file my_file22.cif (mmCIF, C-alpha atoms and all ligand atoms)
data_target
loop_
_atom_site.label_atom_id
_atom_site.label_comp_id
_atom_site.auth_asym_id
_atom_site.auth_seq_id
_atom_site.Cartn_x
_atom_site.Cartn_y
_atom_site.Cartn_z
CA MET A 19 9.19 19.13 0.27
CA ASN A 20 12.82 18.87 -0.91
CA TYR A 21 15.00 18.94 2.21
CA GLU A 22 18.36 19.12 0.42
CA PRO A 23 18.75 22.93 0.60
CA VAL A 24 17.82 23.10 4.28
CA ILE A 25 20.12 20.14 5.15
CA GLU A 26 22.95 21.96 3.38
CA GLN A 27 22.28 25.12 5.38
CA LEU A 28 22.00 23.14 8.62
CA ASN A 29 25.43 21.69 7.93
CA GLU A 30 26.84 25.22 7.51
CA ILE A 31 25.23 26.03 10.85
CA LEU A 32 26.70 22.88 12.41
CA LYS A 33 30.18 23.95 11.29
CA HIS A 34 29.54 27.36 12.87
CA GLU A 35 28.39 25.79 16.15
CA TRP A 36 31.50 23.56 16.27
CA THR A 37 33.54 26.73 15.70
CA GLY A 38 31.75 28.25 18.69
CA VAL A 39 32.60 25.27 20.90
CA ALA A 40 36.32 25.73 20.10
CA GLN A 41 36.35 29.56 20.03
CA TYR A 42 34.54 30.06 23.35
CA SER A 43 36.48 27.23 25.04
CA GLN A 44 39.76 28.80 23.91
CA ALA A 45 38.60 32.22 25.16
CA SER A 46 37.80 30.73 28.58
CA PHE A 47 41.19 28.96 28.74
CA ILE A 48 43.37 31.94 27.90
CA ILE A 49 41.69 34.80 29.76
CA GLU A 50 43.92 36.10 32.56
CA GLY A 51 43.88 38.97 35.02
CA VAL A 52 40.97 40.18 37.15
CA TRP A 53 38.39 39.66 34.40
CA ARG A 54 39.14 35.93 34.43
CA GLU A 55 36.89 35.72 37.48
CA VAL A 56 33.91 36.90 35.41
CA TYR A 57 34.57 35.81 31.86
CA ALA A 58 36.17 32.35 32.13
CA GLU A 59 32.81 30.94 33.24
CA LYS A 60 30.77 33.05 30.81
CA PHE A 61 32.83 31.84 27.84
CA GLU A 62 32.63 28.26 29.07
CA ASP A 63 28.83 28.59 29.26
CA ASP A 64 28.78 29.91 25.71
CA ALA A 65 30.88 26.94 24.55
CA LYS A 66 28.32 24.66 26.20
CA GLU A 67 25.48 26.53 24.47
CA SER A 68 27.19 26.04 21.11
CA PHE A 69 27.62 22.35 21.88
CA GLY A 70 23.94 22.11 22.80
CA HIS A 71 22.99 23.70 19.47
CA ALA A 72 25.43 21.45 17.58
CA LYS A 73 23.76 18.43 19.17
CA LEU A 74 20.26 19.63 18.22
CA ILE A 75 21.29 20.45 14.66
CA GLY A 76 23.31 17.24 14.15
CA ASP A 77 20.39 15.11 15.33
CA LYS A 78 18.00 17.05 13.11
CA ILE A 79 20.22 16.65 10.03
CA VAL A 80 20.15 12.87 10.52
CA ALA A 81 16.39 12.91 11.09
CA LEU A 82 16.00 14.69 7.75
CA GLY A 83 18.14 12.07 6.01
CA GLY A 84 21.42 14.02 5.83
CA VAL A 85 24.94 13.42 7.08
CA PRO A 86 26.26 15.88 9.69
CA VAL A 87 29.66 17.50 9.01
CA ALA A 88 32.45 17.12 11.58
CA GLN A 89 34.47 20.14 10.42
CA ARG A 90 34.61 23.61 11.86
CA ASN A 91 35.78 27.00 10.58
CA GLU A 92 38.87 28.87 11.82
CA ILE A 93 38.43 30.37 15.27
CA LYS A 94 39.20 33.97 16.15
CA GLN A 95 41.24 34.48 19.30
CA SER A 96 42.82 37.38 21.12
CA ARG A 97 44.32 38.30 24.48
CA ASP A 98 42.52 41.65 24.36
CA LEU A 99 39.18 41.30 26.15
CA THR A 100 37.36 43.92 24.06
CA GLU A 101 38.48 42.14 20.92
CA VAL A 102 37.30 38.80 22.34
CA LEU A 103 33.90 40.37 23.03
CA GLN A 104 33.80 41.84 19.51
CA ASN A 105 34.62 38.40 18.07
CA ALA A 106 31.83 36.93 20.20
CA LEU A 107 29.35 39.54 18.94
CA ALA A 108 30.38 38.82 15.34
CA PHE A 109 29.99 35.10 16.00
CA GLU A 110 26.48 35.48 17.47
CA SER A 111 25.41 37.88 14.68
CA LYS A 112 26.52 35.37 12.05
CA ALA A 113 24.52 32.66 13.84
CA VAL A 114 21.38 34.86 13.70
CA GLU A 115 21.96 35.36 9.97
CA MET A 116 22.46 31.62 9.37
CA TYR A 117 19.39 30.49 11.31
CA THR A 118 17.31 33.18 9.59
CA LYS A 119 18.36 31.77 6.22
CA ALA A 120 17.62 28.20 7.38
CA LEU A 121 14.16 29.37 8.46
CA GLU A 122 13.42 30.64 4.95
CA LEU A 123 14.44 27.24 3.54
CA ALA A 124 12.33 25.38 6.14
CA GLU A 125 9.15 27.18 5.08
CA GLY A 126 6.45 24.53 4.60
CA ASP A 127 7.54 22.36 7.54
CA ARG A 128 5.95 23.99 10.57
CA ALA A 129 7.68 21.80 13.17
CA LEU A 130 11.09 22.50 11.66
CA VAL A 131 10.33 26.23 11.58
CA VAL A 132 9.42 26.22 15.28
CA PHE A 133 12.52 24.15 16.11
CA LEU A 134 14.77 26.67 14.35
CA GLU A 135 12.92 29.67 15.77
CA ASP A 136 13.68 28.49 19.32
CA ILE A 137 17.41 28.40 18.58
CA LEU A 138 17.21 31.73 16.72
CA VAL A 139 15.81 33.36 19.86
CA ALA A 140 18.82 32.07 21.85
CA GLU A 141 21.24 33.40 19.20
CA GLN A 142 19.57 36.82 19.27
CA GLU A 143 19.93 36.84 23.07
CA GLY A 144 23.66 36.29 22.48
CA VAL A 145 23.77 39.30 20.17
CA ASP A 146 21.88 41.43 22.70
CA GLU A 147 24.11 40.34 25.57
CA TYR A 148 27.43 41.02 23.79
CA THR A 149 26.11 44.31 22.45
CA LYS A 150 25.43 45.43 26.02
CA LEU A 151 28.76 44.09 27.32
CA LEU A 152 30.64 46.00 24.63
CA ARG A 153 28.78 49.22 25.40
CA ARG A 154 29.91 48.91 29.02
CA SER A 155 33.51 48.12 28.15
CA GLU A 156 33.61 51.05 25.69
CA ALA A 157 32.20 53.28 28.43
CA ALA A 158 34.82 51.96 30.86
CA GLY A 159 37.50 52.68 28.26
CA GLU A 160 36.27 56.26 27.86
CA ALA A 161 36.18 56.78 31.63
CA GLY A 162 39.73 55.46 31.85
CA ALA A 163 40.85 57.80 29.07
CA ARG A 164 39.23 60.78 30.80
CA LYS A 165 40.92 59.97 34.08
CA SER A 166 44.37 59.75 32.53
CA GLY A 167 43.74 62.81 30.29
FE FE A 201 24.31 28.54 18.68
#
call {"tool": "encode", "arguments": {"input": "my_file22.cif", "output": "structure tokens"}}
result
Amino acid sequence: MNYEPVIEQLNEILKHEWTGVAQYSQASFIIEGVWREVYAEKFEDDAKESFGHAKLIGDKIVALGGVPVAQRNEIKQSRDLTEVLQNALAFESKAVEMYTKALELAEGDRALVVFLEDILVAEQEGVDEYTKLLRRSEAAGEAGARKSG
């Protein structure tokens, strides 16, 4: 099996995970107001999850004979909580897309497929979680609009 294409995709994933470490850390630093109590820790946990995935992927790239990248992409940041949650949902959705593509390239190496599937499940949980959080915040927004209207 030629591992070059999958190593290349894993490096794109690694860049994305490093982006997550910075983006979620930044979100946890800058959140203020009453929601800080809830979200500072949630965003910090998500930064840790991204770091955990970066570690797994970096180690795997080396095991496959590749060189892990140390770059990341631009982060998205905002002081508006709904926008931060939307950015998080977009981030997690992109991760699902990227791991799905890596899985196609890993076809033929069962252990690598299982390894990537485990992380994919975690990424999908991120999508599910932020989807639900956004539903609630949209509902809260509507309730607020009704009250003032
Ligand atoms: Fe991840």
call {"tool": "axis_aligned_box", "arguments": {"input": "my_file22.cif", "around": "region 55-63 of chain A", "padding_each_side": "4 Å", "output": "lines of an AutoDock Vina configuration file"}}
result
center_x = 32.9
center_y = 32.6
center_z = 32.7
size_x = 16.1
size_y = 16.6
size_z = 17.6
call {"tool": "residues_near_point", "arguments": {"input": "my_file22.cif", "point": "(42.2, 39.1, 28.8)", "cutoff": "9 Å", "atoms": "all atoms listed in the file", "output": "mmCIF file with C-alpha atoms, in the coordinates of the input"}}
result
data_model
loop_
_atom_site.group_PDB
_atom_site.id
_atom_site.type_symbol
_atom_site.label_atom_id
_atom_site.label_comp_id
_atom_site.auth_asym_id
_atom_site.auth_seq_id
_atom_site.Cartn_x
_atom_site.Cartn_y
_atom_site.Cartn_z
ATOM 1 C CA ALA A 45 38.600 32.220 25.160
ATOM 2 C CA ILE A 48 43.370 31.940 27.900
ATOM 3 C CA ILE A 49 41.690 34.800 29.760
ATOM 4 C CA GLU A 50 43.920 36.100 32.560
ATOM 5 C CA GLY A 51 43.880 38.970 35.020
ATOM 6 C CA VAL A 52 40.970 40.180 37.150
ATOM 7 C CA TRP A 53 38.390 39.660 34.400
ATOM 8 C CA ARG A 54 39.140 35.930 34.430
ATOM 9 C CA TYR A 57 34.570 35.810 31.860
ATOM 10 C CA SER A 96 42.820 37.380 21.120
ATOM 11 C CA ARG A 97 44.320 38.300 24.480
ATOM 12 C CA ASP A 98 42.520 41.650 24.360
ATOM 13 C CA LEU A 99 39.180 41.300 26.150
ATOM 14 C CA THR A 100 37.360 43.920 24.060
ATOM 15 C CA VAL A 102 37.300 38.800 22.340
#
call {"tool": "closest_residue", "arguments": {"input": "my_file22.cif", "among": "A:Glu101, A:Glu147, A:Phe109, A:Ile25", "to": "ligand FE 201 (chain A)", "atoms": "all atoms listed in the file"}}
result
A:Phe109
call {"tool": "residues_around", "arguments": {"input": "my_file22.cif", "residues": "Glu22 (chain A)", "least_positions_apart": "5", "cutoff": "10 Å", "atoms": "only C-alpha atoms", "output": "list in words"}}
result
Gln27, Leu28, Leu82, Gly83, Gly84 and Leu123 of chain A
call {"tool": "residues_near_ligand", "arguments": {"input": "my_file22.cif", "ligand": "ligand FE 201 (chain A)", "cutoff": "10 Å", "atoms": "only C-alpha atoms and all ligand atoms", "output": "NGL selection string"}}
result
:A and (31-32 or 34-39 or 64-72 or 74-75 or 109-110 or 112-114 or 116-117 or 137-142 or 144)
call {"tool": "decode", "arguments": {"input": "my_file22.cif", "residues": "region 125-140 of chain A", "atoms": "all heavy atoms", "output": "short mmCIF file (atom, residue, chain, number, x, y, z; two decimals), in the first residue's frame"}}
result
data_model
loop_
_atom_site.label_atom_id
_atom_site.label_comp_id
_atom_site.auth_asym_id
_atom_site.auth_seq_id
_atom_site.Cartn_x
_atom_site.Cartn_y
_atom_site.Cartn_z
N GLU A 125 -8.18 2.87 3.26
CA GLU A 125 -8.79 1.59 2.86
C GLU A 125 -7.69 0.60 2.49
O GLU A 125 -6.81 0.93 1.70
CB GLU A 125 -9.71 1.83 1.67
CG GLU A 125 -10.86 0.85 1.56
CD GLU A 125 -11.76 0.84 2.80
OE1 GLU A 125 -12.34 1.90 3.12
OE2 GLU A 125 -11.86 -0.23 3.41
N GLY A 126 -7.74 -0.60 3.11
CA GLY A 126 -6.69 -1.59 2.85
C GLY A 126 -5.80 -1.80 4.06
O GLY A 126 -5.10 -2.80 4.16
N ASP A 127 -5.83 -0.85 5.00
CA ASP A 127 -5.09 -0.99 6.25
C ASP A 127 -6.12 -0.94 7.38
O ASP A 127 -6.54 0.13 7.82
CB ASP A 127 -4.06 0.15 6.40
CG ASP A 127 -3.23 0.02 7.68
OD1 ASP A 127 -3.73 -0.54 8.67
OD2 ASP A 127 -2.08 0.50 7.68
N ARG A 128 -6.55 -2.12 7.79
CA ARG A 128 -7.66 -2.23 8.75
C ARG A 128 -7.39 -1.48 10.06
O ARG A 128 -8.26 -0.79 10.58
CB ARG A 128 -7.92 -3.72 9.03
CG ARG A 128 -9.21 -4.00 9.76
CD ARG A 128 -10.41 -3.73 8.85
NE ARG A 128 -11.63 -3.56 9.65
CZ ARG A 128 -12.63 -2.73 9.32
NH1 ARG A 128 -12.54 -1.99 8.23
NH2 ARG A 128 -13.69 -2.64 10.08
N ALA A 129 -6.17 -1.64 10.58
CA ALA A 129 -5.83 -1.00 11.87
C ALA A 129 -5.90 0.53 11.75
O ALA A 129 -6.38 1.22 12.65
CB ALA A 129 -4.45 -1.43 12.34
N LEU A 130 -5.43 1.04 10.63
CA LEU A 130 -5.46 2.49 10.42
C LEU A 130 -6.91 2.98 10.29
O LEU A 130 -7.27 4.04 10.80
CB LEU A 130 -4.64 2.85 9.17
CG LEU A 130 -4.46 4.34 8.87
CD1 LEU A 130 -3.84 5.10 10.04
CD2 LEU A 130 -3.61 4.52 7.60
N VAL A 131 -7.73 2.17 9.60
CA VAL A 131 -9.15 2.51 9.46
C VAL A 131 -9.82 2.60 10.83
O VAL A 131 -10.50 3.59 11.14
CB VAL A 131 -9.89 1.47 8.56
CG1 VAL A 131 -11.40 1.59 8.69
CG2 VAL A 131 -9.46 1.64 7.10
N VAL A 132 -9.58 1.61 11.68
CA VAL A 132 -10.19 1.60 13.02
C VAL A 132 -9.69 2.80 13.84
O VAL A 132 -10.47 3.47 14.52
CB VAL A 132 -9.91 0.26 13.74
CG1 VAL A 132 -10.37 0.31 15.19
CG2 VAL A 132 -10.60 -0.89 13.00
N PHE A 133 -8.40 3.06 13.76
CA PHE A 133 -7.78 4.20 14.46
C PHE A 133 -8.48 5.51 14.07
O PHE A 133 -8.85 6.32 14.92
CB PHE A 133 -6.28 4.23 14.09
CG PHE A 133 -5.54 5.48 14.47
CD1 PHE A 133 -5.00 5.63 15.74
CD2 PHE A 133 -5.36 6.51 13.54
CE1 PHE A 133 -4.30 6.79 16.08
CE2 PHE A 133 -4.66 7.66 13.88
CZ PHE A 133 -4.13 7.80 15.16
N LEU A 134 -8.69 5.69 12.78
CA LEU A 134 -9.32 6.93 12.29
C LEU A 134 -10.81 6.96 12.61
O LEU A 134 -11.37 8.03 12.90
CB LEU A 134 -9.10 7.08 10.78
CG LEU A 134 -7.65 7.35 10.36
CD1 LEU A 134 -7.50 7.20 8.84
CD2 LEU A 134 -7.21 8.74 10.80
N GLU A 135 -11.45 5.79 12.58
CA GLU A 135 -12.88 5.74 12.90
C GLU A 135 -13.15 6.20 14.32
O GLU A 135 -14.12 6.92 14.58
CB GLU A 135 -13.42 4.31 12.70
CG GLU A 135 -13.77 4.00 11.26
CD GLU A 135 -14.22 2.56 11.04
OE1 GLU A 135 -14.07 1.74 11.97
OE2 GLU A 135 -14.71 2.27 9.94
N ASP A 136 -12.28 5.81 15.25
CA ASP A 136 -12.43 6.21 16.65
C ASP A 136 -12.43 7.73 16.78
O ASP A 136 -13.24 8.31 17.51
CB ASP A 136 -11.29 5.65 17.52
CG ASP A 136 -11.57 4.21 17.93
OD1 ASP A 136 -12.70 3.74 17.73
OD2 ASP A 136 -10.64 3.56 18.46
N ILE A 137 -11.51 8.38 16.07
CA ILE A 137 -11.43 9.85 16.15
C ILE A 137 -12.64 10.47 15.44
O ILE A 137 -13.21 11.44 15.92
CB ILE A 137 -10.11 10.39 15.56
CG1 ILE A 137 -8.91 9.67 16.19
CG2 ILE A 137 -10.00 11.90 15.79
CD1 ILE A 137 -7.55 10.07 15.63
N LEU A 138 -13.03 9.85 14.33
CA LEU A 138 -14.21 10.36 13.58
C LEU A 138 -15.45 10.39 14.48
O LEU A 138 -16.22 11.35 14.44
CB LEU A 138 -14.46 9.49 12.34
CG LEU A 138 -15.70 9.83 11.51
CD1 LEU A 138 -15.61 11.23 10.91
CD2 LEU A 138 -15.92 8.80 10.40
N VAL A 139 -15.62 9.35 15.28
CA VAL A 139 -16.77 9.30 16.20
C VAL A 139 -16.73 10.50 17.15
O VAL A 139 -17.76 11.16 17.38
CB VAL A 139 -16.78 7.96 17.00
CG1 VAL A 139 -17.79 8.02 18.14
CG2 VAL A 139 -17.11 6.80 16.07
N ALA A 140 -15.55 10.83 17.67
CA ALA A 140 -15.40 11.97 18.58
C ALA A 140 -15.72 13.28 17.86
O ALA A 140 -16.36 14.18 18.42
CB ALA A 140 -13.99 12.01 19.16
#
